[in-house]
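Asks: Please find one structure pasted underneath; my questions will follow.
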2 protein chains.
Amino acid sequence: EMQDPVRSRPKEIPHNEKLLSLKYESLDYDNSENQLFLEEERRMSHMGFRCLEISRWVICGLIGVFTGLIACFIDIVVEKLAGVKYSVVKKNIEMFTEVGGLSISLLLWVVLNSAFVMVGAIIVTCFEPIAAGSGIPQIKCYLNGVKVPRVVRLKTLVVKVCGVICSVAGGLAVGKEGPMIHSGAVVAAGVSQGRSTSLKKDFKIFEYFRRDTEKRDFVSAGAAAGVSAAFGAPVGGVLFSLEEGASFWNQMLTWRIFFASMISTFTLNLVLSVYHNKTTELSSPGLINFGTFDLECVQYSLYEIPLFICMGAIGGLLGALFNLLNYWLTIFRIRYVHRPCLQVMEAMMVAAVTASVSFAMIYLSNDCKPLKMDNSEEYPLQLFCADGEYNAMATTFFNTPERSVRSLFHNPRGTYNLLTLGFFTLTYFFLACWTYGLMVSAGVFIPSLLIGAAWGRLFALLTVCSAAQLGGIVRMTLSLTVILVEATGNVTYGFPIMLVLMTAKIVGDYFIEGLYDIHIKLQSVPFLHWEAPATSHWLTAREVMSSPVTCFNQLEKVGTIMDFLSNTATNHNGFPVIVQASGEQSGKLCGLILRSQLIVLLKHKVFVERAHSRLHQRKLQLKDFRDAYPRFPPIQSIHVSQDERECMMDLSEFMNPTPYTVPQVCTSTPPPLKGCRGPGDPEGPGTLPHGQAWARRTTPGPDVSSWTRFARSPSARPCRDTAQHVTPARRGSTAQALGSSERSKRGRQNVRPAKAQEDRP
Amino acid sequence: EMQDPVRSRPKEIPHNEKLLSLKYESLDYDNSENQLFLEEERRMSHMGFRCLEISRWVICGLIGVFTGLIACFIDIVVEKLAGVKYSVVKKNIEMFTEVGGLSISLLLWVVLNSAFVMVGAIIVTCFEPIAAGSGIPQIKCYLNGVKVPRVVRLKTLVVKVCGVICSVAGGLAVGKEGPMIHSGAVVAAGVSQGRSTSLKKDFKIFEYFRRDTEKRDFVSAGAAAGVSAAFGAPVGGVLFSLEEGASFWNQMLTWRIFFASMISTFTLNLVLSVYHNKTTELSSPGLINFGTFDLECVQYSLYEIPLFICMGAIGGLLGALFNLLNYWLTIFRIRYVHRPCLQVMEAMMVAAVTASVSFAMIYLSNDCKPLKMDNSEEYPLQLFCADGEYNAMATTFFNTPERSVRSLFHNPRGTYNLLTLGFFTLTYFFLACWTYGLMVSAGVFIPSLLIGAAWGRLFALLTVCSAAQLGGIVRMTLSLTVILVEATGNVTYGFPIMLVLMTAKIVGDYFIEGLYDIHIKLQSVPFLHWEAPATSHWLTAREVMSSPVTCFNQLEKVGTIMDFLSNTATNHNGFPVIVQASGEQSGKLCGLILRSQLIVLLKHKVFVERAHSRLHQRKLQLKDFRDAYPRFPPIQSIHVSQDERECMMDLSEFMNPTPYTVPQVCTSTPPPLKGCRGPGDPEGPGTLPHGQAWARRTTPGPDVSSWTRFARSPSARPCRDTAQHVTPARRGSTAQALGSSERSKRGRQNVRPAKAQEDRP
């Protein structure tokens with residue numbers, strides 16, 4: 001029943017980025033403190049809690065190790081494949097340079113690149129489209145509380161790893177760093193659950209962590225470990241998780257995430273050092289290695305500061321241009337390039353064009369430099385240069401992007417002439433822009449840094465311009481500063497980098513959002529921003545919630561529950577539970593039960609009438625809910641006989657007795673003496689599904705008809721096919737998420753009404 | 001009415017660290033969303049919100065600039081004063097070395113040191129005792145939500161700055177880094193309010209930020225700016241605020257805090273560079289400057305890792321010993337050294353002993369080294385060494401601690417012999433331990449680093465051992481790693497430092513808490529930790545709250561309000577407001593009003609009977625509440641005539657209509673049909689103050705008698721003279737803080753009952 005949001009979208013409605021997609025559910029970050037939970041906690045010894053704490057650390061360690069190993073694997077395989085490819089092409093070029101017929105070399109290069117990219121594009125489009133791109137937008141959404149389908153599955157990881165190897169080896173203008181973040185997140189989601197649902201393998205460990213809240217914490221750690229492995233930036237990784245994602249944070253979490261990050265970079269460092277036979281050096285902390293800088297190079301003086309700000313502005317402008325072009329391109333792709341074969345063909349075409357352009361640039365360049373003795377160039381192309389010389393253009397185009405960045409950073413002044421750099425910047429800018437958004441696994445960090453470094457060499461301000469370009473595109477701030485500081489290994493440039501990133505962000509934001517945010521919007525993800533918009537305190541919950549409310553009695557008929565859950569018009573994920581006694585008590589809210597809980601109850605047939613026979617059965621425990629997590633079966637797979645439909649289910653043991661509620665807003669004046677009834681008081685014709693006289697009740701309590709001030713999120717628009725987002729105006733505020741799964745990002749609620757809003761007068 | 005918790009404690013009850021002090025109120029981190037607030041928000045234009053946002057950035061910039069300038073001021077004055085002192089003493093020693101009579105030099109040194117320290121101790125004890133120590137525990141408490149009296153006042157800042165200058169110039173084993181954090185926090189609190197209450201100067205700017213929530217955010221930034229200026233570690237500063245303090249965090253805040261930190265270190269760098277005539281270099285990012293390390297020195301290999309862990313363990317052990325000794329010493333001081341003159345005398349004695357021990361060590365040492373040509377030693381003492389040589393012991397003892405650290409870090413191998421180092425470690429360890437807790441402004445960072453560096457030279461592992469020693473004492477983790485990485489300027493040592501800090505923390509925690517936590521506990525501060533203790537979900541609110549509840553009607557008699565506020569037995573800071581209509585509605589909660597709000601209302605005589613005459617008056621606005629913030633007058637200063645006592649006050653416009661509430665826990669089985677009444681339902685003899693039949697009401701609504709599951713914080717103990725702390729078991733949970741000012745640390749509530757708990761049966 002869960003359809004792929006990427007592939008199936010164009011078939012249904014014309015894509016409109018102004019809408020939010022109904023296909024995204026929200027994660028459940030609120031712990032259901034029901035009786036089962038309390039009983040389990042009571043049974044646990046202090047030793048048990050300590051063991052849990054130790055398990056968390058062990059899991060973080062494992063996340064670090066596995067993420068590091070995956071990074072190593074990608075690095076080594078890419079180097080091997082790219083090495084083979086470039087050697088073959090180099091040999092071919094050398095063969096044909098003198099005799100003529102370089103078009104054959106070009107053809108060889110084009111074919112090799114296209115073949116790699118074809119493989120990468122096919123596995124992505126056919127097996128796991130969610131593995132396309134860098135995965136950073138998806139992880140941002142996941143950590144924001146959006147359940148992006150299949151984003152943290154094992155299959156996604158496999159496709160991602162293979163895909164990124166193919167696209168980098170295929171010579172596309174992409175990096176392998178962004179995908180590491182996604183990979184780390186998947187590793188974390190897998191390791192922390194102690195099982196793989198795909199492989200049908202349950203290790204029977206870490207069962208306690210099988211719920212959204214715990215899993216999210218580990219996914220934060222995984223994303224951090226990914227950043228750490230990619231850039232050798234453990235602190236940057238922690239800050240990335242903090243800035244981009246984690247909706248909740250505490251001290252222990254910080255420290256554990258840092259631990260995972262450190263282990264990750266250390267594992268990578270160790271394995272790569274052993275692999276390169278430099279065991280005692282430990283000099284490869286990250287996938288991208290900018291090399292060491294001379295201390296003189298990293299000093300700056302006061303008069304340079306205005307220059308830095310200018311660079312930041314240029315970066316912001318170029319970044320905005322990049323994002324705008326990519327935005328148009330993505331719209332075009334969503335409209336016209338949505339069939340897998342077209343997507344694969346586009347990817348191959350980009351690969352072919354990249355190879356051709358590179359070849360043309362190298363061919364037409366006559367920028368010859370003397371060959372150095374230390375063999376710092378991996379694949380020096382002589383081409384038409386004199387003996388003992390090599391083509392300078394080839395060091396940037398005939399190389400993996402990481403190596404190109406390093407060449408640009410470290411080759412001494414005068415290695416490249418201005419024309420070479422200018423051409424390179426221009427072509428690479430458009431290539432990278434065209435490439436991002438293809439159905440291949442690929443990151444945008446390295447291409448951005450490369451573009452920045454290329455125009456940065458014009459000003460001899462490499463680090464600063466790279467930062468400006470990257471900041472202009474992705475608009476990250478603190479975390480990016482720290483990542484770059486750690487990746488370049490020098491702290492001195494922290495201030496300029498911060499200055500530049502800030503300028504780039506301000507300038508860029510004036511024109512268009514950051515690249516990741518654009519893609520999140522284009523995928524119609526209901527993403528919640530940190531702050532509710534100003535002036536939103538005036539909105540009340542009743543203005544944005546749907547009615548009538550679908551709710552259950554504490555003791556409810558199985559048939560009713562089945563009907564409600566099967567009704568596609570009311571496909572809510574959470575239902576208020578009310579008291580069904582006659583008299584005053586009637587209609588009082590006494591808890592909230594989730595769709596997933598009801599499904600587990602129905603599956604185990606926990607009916608009151610079976611209570612007798614259940615004496616033989618074991619009592620339902622939290623374990624049963626954990627076993628079903630996270631892929632709860634759909635209601636259609638639950639079979640209930642006609643007799644059973646007449647049974648009753650007692651929800652009181654399983655519901656969350658203390659859900660978020662919002663008190664009724666009292667009227668103020670005049671006249672306070674008449675009682676506590678506000679404008680939000682339900683006097684309209686709404687009735688409870690069971691026909692209770694809803695409107696007549698005069699006790700405004702924490703029941704299903706009480707609303708409070710809510711804020712509408714900026715993305716919530718009153719239109720068809722939207723997931724309505726409701727943000728309580730104040731953090732940690734009380735709010736009753738009716739007929740919805742709860743997503744509390746610091747108290748925020750995600751309310752997903754079945755249809756359009758029906759406000760009572 | 002607000003008494004000094006430090007000075008007055010011993011007079012009242014024998015100090016018992018197991019108790020929490022009633023003298024600490026909590027800050028109000030919950031925004032009162034009353035009608036005034038909503039109206040103000042409605043009146044504000046989008047431009048207004050943008051201006052607010054810009055103001056926040058401007059304030060953070062100003063915080064950075066001022067914090068940086070204060071750091072410069074301290075640095076320059078300390079260097080000048082210490083320079084004068086050491087020159088005088090050096091001249092004297094040189095004079096007496098040959099003729100004999102060095103006891104006169106000793107006397108001179110002792111007198112100079114004691115004089116400086118005396119001045120420092122006198123200003124601290126007489127003017128502002130809260131300025132004693134490093135101030136880090138106090139800032140930790142403030143950011144945790146505890147209102148530590150006078151901690152962010154201008155007077156405190158002045159005393160702190162002068163005090164730290166005196167104690168460092170007085171040769172105590174202290175650093176000037178810790179106090180910078182406190183100074184930054186005070187600067188932030190001052191700048192963000194746009195006025196100084198002490199100086200009676202209101203600049204009429206930044207009025208919007210005159211409330212606890214906004215102020216706290218700026219104080220986080222100030223603390224970060226302080227760290228940044230002290231260590232040249234802007235990222236470390238942000239992480240310090242994150243790890244040690246801020247109870248709330250969001251993305252924009254991170255970035256603003258980072259901005260403040262960066263500006264702070266840049267200001268310091270700029271001013272010091274200009275001062276030292278090195279404008280183009282910008283090479284003093286922090287107060288402590290470890291200098292640049294050779295790249296070879298900072299490499300490490302795999303086999304060293306076990307060694308690092310051992311160093312961490314040693315650091316943890318030594319740190320625990322340090323903390324234990326200091327703990328005993330502090331207990332002793334609290335019991336016997338609480339009169340100002342005694343405190344000043346103790347400080348002077350420590351200064352004298354420090355000088356004498358240093359002199360003896362230098363005198364008895366025969367560790368002569370050839371004088372270098374580059375004059376890297378500031379005050380080389382020849383003493384009994386041959387011409388062209390200098391006494392090695394003097395470089396560590398005859399110097400400010402910062403310079404000593406640098407000497408230890410950078411002097412080449414063999415500069416010191418083992419005996420010198422051993423003696424130095426031993427004596428400095430005890431001196432530093434004795435010094436911390438004196439009534440002088442002083443930090444423990446530098447002494448710890450110095451001790452670590454001293455025994456680190458024995459193993460030739462300077463950075464690692466310094467980190468281990470410091471980590472063993474303060475037990476900071478991520479932030480300390482980053483601070484040290486930034487301060488030493490090399491990223492490579494990040495992994496060893498993390499490893500070492502983790503080991504030191506684990507080992508140290510086994511024996512005793514961190515130094516700051518010890519001092520927080522010894523001051524009986526009601527500090528809330530990040531996590532509620534395990535198994536606390538079972539506790540319900542009613543088990544920890546006091547009864548009967550003191551509450552007001554929506555329309556309340558002025559006399560009643562006056563009486564309640566004046567009653568010292570019910571000195572709560574927040575009161576539930578209930579509906580007073582007869583019938584069902586009666587007793588329903590409809591809001592929460594704070595003591596501070598009531599006092600402002602009483603001061604402005606906002607009585608219903610005056611509504612007519614108020615037509616001429618202007619309506620009360622949020623501005624009136626902001627003007628009174630933060631020093632609301634005590635109730636004793638409000639004068640109300642006997643006639644006015646009969647007037648009525650309408651609270652509905654001012655109360656927070658959506659306070660945190662906890663729903664009644666429903667009973668589960670048996671039998672759910674009987675209604676929704678749980679064990680927490682009040683059936684006892686409690687009555688409302690007005691004699692309403694409290695116990696008879698059967699509608700459990702969100703009223704003052706409803707409780708939910710609460711967790712008791714670990715520090716809450718059922719005893720006299722405690723402030724009871726209540727932590728909702730789950731973050732962002734709903735809770736009704738009755739008769740208390742609210743302190744929501746991610747939803748936590750601080751409940752402060754008037755007397756002991758009286759649980760109903």
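Each chain in the structure tokens gets a letter, A, B, ..., in the order shown, and its residues are numbered from 1; ligands are numbered from 1 in order too.
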Could you name the residues that touch Asn269 in chain A at 7 Å or less, counting only C-alpha atoms, but leaving out those on the same chain fewer than 4 positions away, as a PyMOL selection string?
Replies: chain A and resi 265+273+282-285
Asks: Could you save the residues just selected, with all heavy atoms, as a PDB file, in the first residue's frame?
Replies:
ATOM      1  N   THR A 265      35.885   7.794  11.834  1.00  0.00           N
ATOM      2  CA  THR A 265      37.069   8.348  11.153  1.00  0.00           C
ATOM      3  C   THR A 265      38.309   7.544  11.489  1.00  0.00           C
ATOM      4  O   THR A 265      39.186   7.332  10.656  1.00  0.00           O
ATOM      5  CB  THR A 265      37.244   9.847  11.460  1.00  0.00           C
ATOM      6  OG1 THR A 265      38.418  10.304  10.830  1.00  0.00           O
ATOM      7  CG2 THR A 265      37.345  10.143  12.921  1.00  0.00           C
ATOM      8  N   SER A 273      45.212   3.279   6.095  1.00  0.00           N
ATOM      9  CA  SER A 273      46.652   3.303   6.357  1.00  0.00           C
ATOM     10  C   SER A 273      47.242   1.916   6.183  1.00  0.00           C
ATOM     11  O   SER A 273      48.314   1.750   5.587  1.00  0.00           O
ATOM     12  CB  SER A 273      46.929   3.818   7.771  1.00  0.00           C
ATOM     13  OG  SER A 273      46.486   5.132   7.896  1.00  0.00           O
ATOM     14  N   LEU A 282      48.790   6.989  10.024  1.00  0.00           N
ATOM     15  CA  LEU A 282      47.388   7.360  10.246  1.00  0.00           C
ATOM     16  C   LEU A 282      47.080   8.741   9.677  1.00  0.00           C
ATOM     17  O   LEU A 282      46.736   9.673  10.382  1.00  0.00           O
ATOM     18  CB  LEU A 282      47.046   7.348  11.742  1.00  0.00           C
ATOM     19  CG  LEU A 282      47.110   6.010  12.460  1.00  0.00           C
ATOM     20  CD1 LEU A 282      46.778   6.186  13.921  1.00  0.00           C
ATOM     21  CD2 LEU A 282      46.183   4.999  11.842  1.00  0.00           C
ATOM     22  N   SER A 283      47.245   8.851   8.371  1.00  0.00           N
ATOM     23  CA  SER A 283      47.121  10.179   7.774  1.00  0.00           C
ATOM     24  C   SER A 283      45.936  10.322   6.828  1.00  0.00           C
ATOM     25  O   SER A 283      45.866  11.271   6.074  1.00  0.00           O
ATOM     26  CB  SER A 283      48.413  10.525   7.033  1.00  0.00           C
ATOM     27  OG  SER A 283      48.696   9.498   6.103  1.00  0.00           O
ATOM     28  N   SER A 284      45.009   9.378   6.822  1.00  0.00           N
ATOM     29  CA  SER A 284      43.819   9.548   5.970  1.00  0.00           C
ATOM     30  C   SER A 284      42.552   9.550   6.818  1.00  0.00           C
ATOM     31  O   SER A 284      41.802   8.593   6.811  1.00  0.00           O
ATOM     32  CB  SER A 284      43.709   8.425   4.944  1.00  0.00           C
ATOM     33  OG  SER A 284      44.956   7.873   4.650  1.00  0.00           O
ATOM     34  N   PRO A 285      42.305  10.622   7.543  1.00  0.00           N
ATOM     35  CA  PRO A 285      41.131  10.607   8.418  1.00  0.00           C
ATOM     36  C   PRO A 285      39.801  10.628   7.664  1.00  0.00           C
ATOM     37  O   PRO A 285      38.785  10.249   8.209  1.00  0.00           O
ATOM     38  CB  PRO A 285      41.290  11.866   9.258  1.00  0.00           C
ATOM     39  CG  PRO A 285      42.157  12.743   8.462  1.00  0.00           C
ATOM     40  CD  PRO A 285      43.041  11.874   7.654  1.00  0.00           C
TER      41      PRO A 285
END
Asks: Range 429-431 of chain A: which residues within 9 Å, counting only C-alpha atoms, same-chain residues fewer than 4 positions away excluded, as a PyMOL selection string?
Replies: chain A and resi 172-173+322+325+350+353-354+424-425+435-436+447-448+451
Asks: Near range 494-502 of chain B, counting only C-alpha atoms, which residues have an atom at most 10 Å away, once you skip same-chain residues fewer than 4 positions from it, shown as number ranges by chain?
Replies: A: 233-235, 255, 258-259, 261-263, 265-266, 486; B: 300, 304-316, 463-472, 475-478, 480-482, 484-486, 490, 506-508
Asks: Set the distance at 12 Å and use only C-alpha atoms: which residues neighbour Thr396 in chain A once local chain neighbours fewer than 4 positions away are removed? I'd like the list as a PyMOL selection string.
Replies: chain A and resi 171+173+358-359+361-362+377-381+391-392+400-409+411+415-416+420-421+423-425+427-428+447+450-451+453-454
Asks: Export N, CA, C and O atoms of the chosen residues as a short mmCIF file (atom, residue, chain, number, x, y, z; two decimals), in the first residue's frame?
Replies:
data_model
loop_
_atom_site.label_atom_id
_atom_site.label_comp_id
_atom_site.auth_asym_id
_atom_site.auth_seq_id
_atom_site.Cartn_x
_atom_site.Cartn_y
_atom_site.Cartn_z
N GLY A 171 33.14 8.85 -13.99
CA GLY A 171 33.66 10.16 -14.35
C GLY A 171 32.66 11.28 -14.27
O GLY A 171 32.91 12.38 -14.76
N ALA A 173 30.56 14.39 -12.64
CA ALA A 173 30.99 15.48 -11.76
C ALA A 173 30.30 15.33 -10.42
O ALA A 173 29.45 16.12 -10.04
N SER A 358 35.41 16.98 -21.35
CA SER A 358 36.73 16.87 -20.75
C SER A 358 37.78 16.65 -21.82
O SER A 358 38.84 17.30 -21.84
N PHE A 359 37.47 15.74 -22.70
CA PHE A 359 38.44 15.43 -23.76
C PHE A 359 38.71 16.65 -24.61
O PHE A 359 39.86 16.98 -24.89
N MET A 361 38.37 19.77 -23.80
CA MET A 361 39.13 20.76 -23.04
C MET A 361 40.61 20.40 -23.01
O MET A 361 41.48 21.25 -23.19
N ILE A 362 40.88 19.12 -22.78
CA ILE A 362 42.27 18.69 -22.74
C ILE A 362 42.90 18.83 -24.12
O ILE A 362 44.02 19.34 -24.28
N GLU A 377 51.52 13.65 -9.94
CA GLU A 377 50.38 13.44 -10.83
C GLU A 377 50.19 11.95 -11.04
O GLU A 377 51.15 11.24 -11.37
N GLU A 378 48.97 11.51 -10.85
CA GLU A 378 48.71 10.08 -10.96
C GLU A 378 48.73 9.63 -12.43
O GLU A 378 49.36 8.64 -12.78
N TYR A 379 48.04 10.39 -13.27
CA TYR A 379 47.95 10.01 -14.68
C TYR A 379 48.34 11.21 -15.55
O TYR A 379 47.50 11.83 -16.17
N PRO A 380 49.64 11.54 -15.59
CA PRO A 380 50.03 12.71 -16.40
C PRO A 380 49.88 12.40 -17.88
O PRO A 380 50.38 11.38 -18.36
N LEU A 381 49.16 13.23 -18.57
CA LEU A 381 48.97 13.05 -20.01
C LEU A 381 49.93 13.95 -20.76
O LEU A 381 49.94 15.15 -20.56
N ASN A 391 50.15 17.84 -19.84
CA ASN A 391 49.05 18.75 -20.09
C ASN A 391 48.38 19.14 -18.76
O ASN A 391 47.88 18.29 -18.03
N ALA A 392 48.39 20.45 -18.45
CA ALA A 392 47.88 20.89 -17.14
C ALA A 392 46.38 20.67 -17.01
O ALA A 392 45.88 20.35 -15.94
N THR A 400 39.90 11.66 -10.77
CA THR A 400 38.68 11.69 -9.95
C THR A 400 38.55 13.07 -9.32
O THR A 400 39.56 13.74 -9.08
N PRO A 401 37.33 13.50 -9.04
CA PRO A 401 37.15 14.86 -8.52
C PRO A 401 37.96 15.14 -7.25
O PRO A 401 38.49 16.23 -7.09
N GLU A 402 38.07 14.14 -6.34
CA GLU A 402 38.85 14.36 -5.12
C GLU A 402 40.29 14.74 -5.44
O GLU A 402 40.87 15.65 -4.86
N ARG A 403 40.86 14.00 -6.37
CA ARG A 403 42.25 14.30 -6.74
C ARG A 403 42.36 15.65 -7.41
O ARG A 403 43.34 16.37 -7.22
N SER A 404 41.34 16.00 -8.19
CA SER A 404 41.36 17.31 -8.83
C SER A 404 41.37 18.42 -7.79
O SER A 404 42.13 19.38 -7.90
N VAL A 405 40.54 18.26 -6.75
CA VAL A 405 40.52 19.26 -5.70
C VAL A 405 41.90 19.39 -5.09
O VAL A 405 42.43 20.50 -4.91
N ARG A 406 42.51 18.23 -4.81
CA ARG A 406 43.82 18.28 -4.17
C ARG A 406 44.84 18.95 -5.09
O ARG A 406 45.66 19.75 -4.65
N SER A 407 44.78 18.62 -6.39
CA SER A 407 45.71 19.27 -7.32
C SER A 407 45.52 20.77 -7.29
O SER A 407 46.48 21.53 -7.18
N LEU A 408 44.27 21.20 -7.36
CA LEU A 408 44.00 22.63 -7.38
C LEU A 408 44.49 23.30 -6.09
O LEU A 408 45.02 24.40 -6.11
N PHE A 409 44.32 22.60 -4.97
CA PHE A 409 44.72 23.19 -3.69
C PHE A 409 46.23 23.30 -3.55
O PHE A 409 46.73 24.25 -2.97
N ASN A 411 48.88 22.44 -6.05
CA ASN A 411 49.86 22.74 -7.08
C ASN A 411 50.30 24.19 -6.94
O ASN A 411 49.49 25.06 -6.68
N THR A 415 50.71 26.91 -11.96
CA THR A 415 50.51 25.60 -12.58
C THR A 415 49.46 25.69 -13.69
O THR A 415 49.57 25.03 -14.71
N TYR A 416 48.45 26.52 -13.44
CA TYR A 416 47.38 26.64 -14.43
C TYR A 416 47.34 28.07 -14.95
O TYR A 416 47.54 29.01 -14.20
N THR A 420 42.66 28.32 -18.73
CA THR A 420 42.34 26.96 -18.31
C THR A 420 41.35 26.98 -17.17
O THR A 420 40.32 26.30 -17.19
N LEU A 421 41.68 27.78 -16.16
CA LEU A 421 40.83 27.83 -14.97
C LEU A 421 39.43 28.34 -15.31
O LEU A 421 38.43 27.80 -14.86
N PHE A 423 37.81 28.31 -18.20
CA PHE A 423 37.07 27.28 -18.94
C PHE A 423 36.60 26.18 -18.02
O PHE A 423 35.46 25.73 -18.07
N PHE A 424 37.53 25.75 -17.17
CA PHE A 424 37.20 24.65 -16.27
C PHE A 424 36.03 25.02 -15.37
O PHE A 424 35.07 24.27 -15.24
N THR A 425 36.10 26.21 -14.76
CA THR A 425 35.03 26.65 -13.87
C THR A 425 33.69 26.61 -14.60
O THR A 425 32.71 26.06 -14.11
N THR A 427 32.68 25.12 -17.50
CA THR A 427 32.13 23.82 -17.92
C THR A 427 31.75 22.97 -16.72
O THR A 427 30.70 22.34 -16.71
N TYR A 428 32.62 22.97 -15.72
CA TYR A 428 32.34 22.10 -14.58
C TYR A 428 31.10 22.57 -13.83
O TYR A 428 30.34 21.75 -13.30
N PRO A 447 32.01 18.38 -6.18
CA PRO A 447 31.92 19.28 -7.33
C PRO A 447 31.88 20.75 -6.93
O PRO A 447 32.55 21.58 -7.56
N LEU A 450 35.18 21.85 -5.91
CA LEU A 450 36.05 21.90 -7.09
C LEU A 450 35.80 23.18 -7.88
O LEU A 450 36.76 23.87 -8.27
N ILE A 451 34.53 23.52 -8.07
CA ILE A 451 34.21 24.76 -8.79
C ILE A 451 34.79 25.94 -8.01
O ILE A 451 35.44 26.82 -8.57
N ALA A 453 37.23 25.97 -5.84
CA ALA A 453 38.70 25.99 -5.87
C ALA A 453 39.19 26.50 -7.21
O ALA A 453 40.21 27.20 -7.30
N ALA A 454 38.43 26.18 -8.29
CA ALA A 454 38.86 26.61 -9.62
C ALA A 454 38.80 28.12 -9.74
O ALA A 454 39.79 28.76 -10.14
#
Asks: Could you give me the residues within range 235-455 of chain B that DSSP places in strand (DSSP E), as JSON, numbers by chain?
Replies: {"B": [368, 369, 370, 389, 390, 391]}
Asks: Limited to C-alpha atoms, could you put the picked residues into a file as an mmCIF file, in the first residue's frame?
Replies:
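The new file again_25.cif reads:
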data_model
loop_
_atom_site.group_PDB
_atom_site.id
_atom_site.type_symbol
_atom_site.label_atom_id
_atom_site.label_comp_id
_atom_site.auth_asym_id
_atom_site.auth_seq_id
_atom_site.Cartn_x
_atom_site.Cartn_y
_atom_site.Cartn_z
ATOM 1 C CA CYS B 368 70.808 25.254 35.408
ATOM 2 C CA LYS B 369 70.325 25.636 31.675
ATOM 3 C CA PRO B 370 72.188 27.803 29.220
ATOM 4 C CA GLU B 389 72.736 30.186 32.453
ATOM 5 C CA TYR B 390 69.389 30.382 34.116
ATOM 6 C CA ASN B 391 67.439 28.435 36.689
#
Asks: Return the single residue from B:Gly100, B:Gly48, B:Pro137, B:Pro526 that is closest to chain A, with distances computed using only C-alpha atoms.
Replies: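 Ranked by minimum distance to chain A, first place goes to B:Gly48.
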Asks: Which one of B:Pro576, B:Gly591, B:Gly133, B:Gly222 sits closest to Glu33 in chain B if you count only C-alpha atoms?
Replies: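 Once distances to Glu33 in chain B are computed over only C-alpha atoms, the minimum belongs to B:Gly591.
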Asks: Within 12 Å of Ala229 in chain B, counting only C-alpha atoms, which residues show up once you throw out same-chain ones fewer than 4 positions away? Write them as a ChimeraX atom specification, please.
Replies: /B:63-75,176-184,222-225,233-238,260-272,284-289,483,486-487
Asks: With only C-alpha atoms as the counted atoms, please give the residues lying no more than 8 Å from Pro340 in chain B, apart from itself and same-chain residues fewer than 2 positions off, as a VMD selection string.
Replies: chain B and resid 122 125 to 126 338 342 to 344
Asks: Report as a ChimeraX atom specification: the residues of range 212-397 of chain B with a DSSP assignment of helix (DSSP H, G or I), based on the backbone of this structure.
Replies: /B:212-231,234-245,251-275,302-336,340-364,392-397
Asks: Select, from B:Asn656, B:Asn571, B:Thr395, B:Ser103, the residue with the minimum atom-to-atom distance to chain A, counting only C-alpha atoms.
Replies: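 Between B:Asn656, B:Asn571, B:Thr395, B:Ser103, the residue approaching chain A most closely is B:Asn656.
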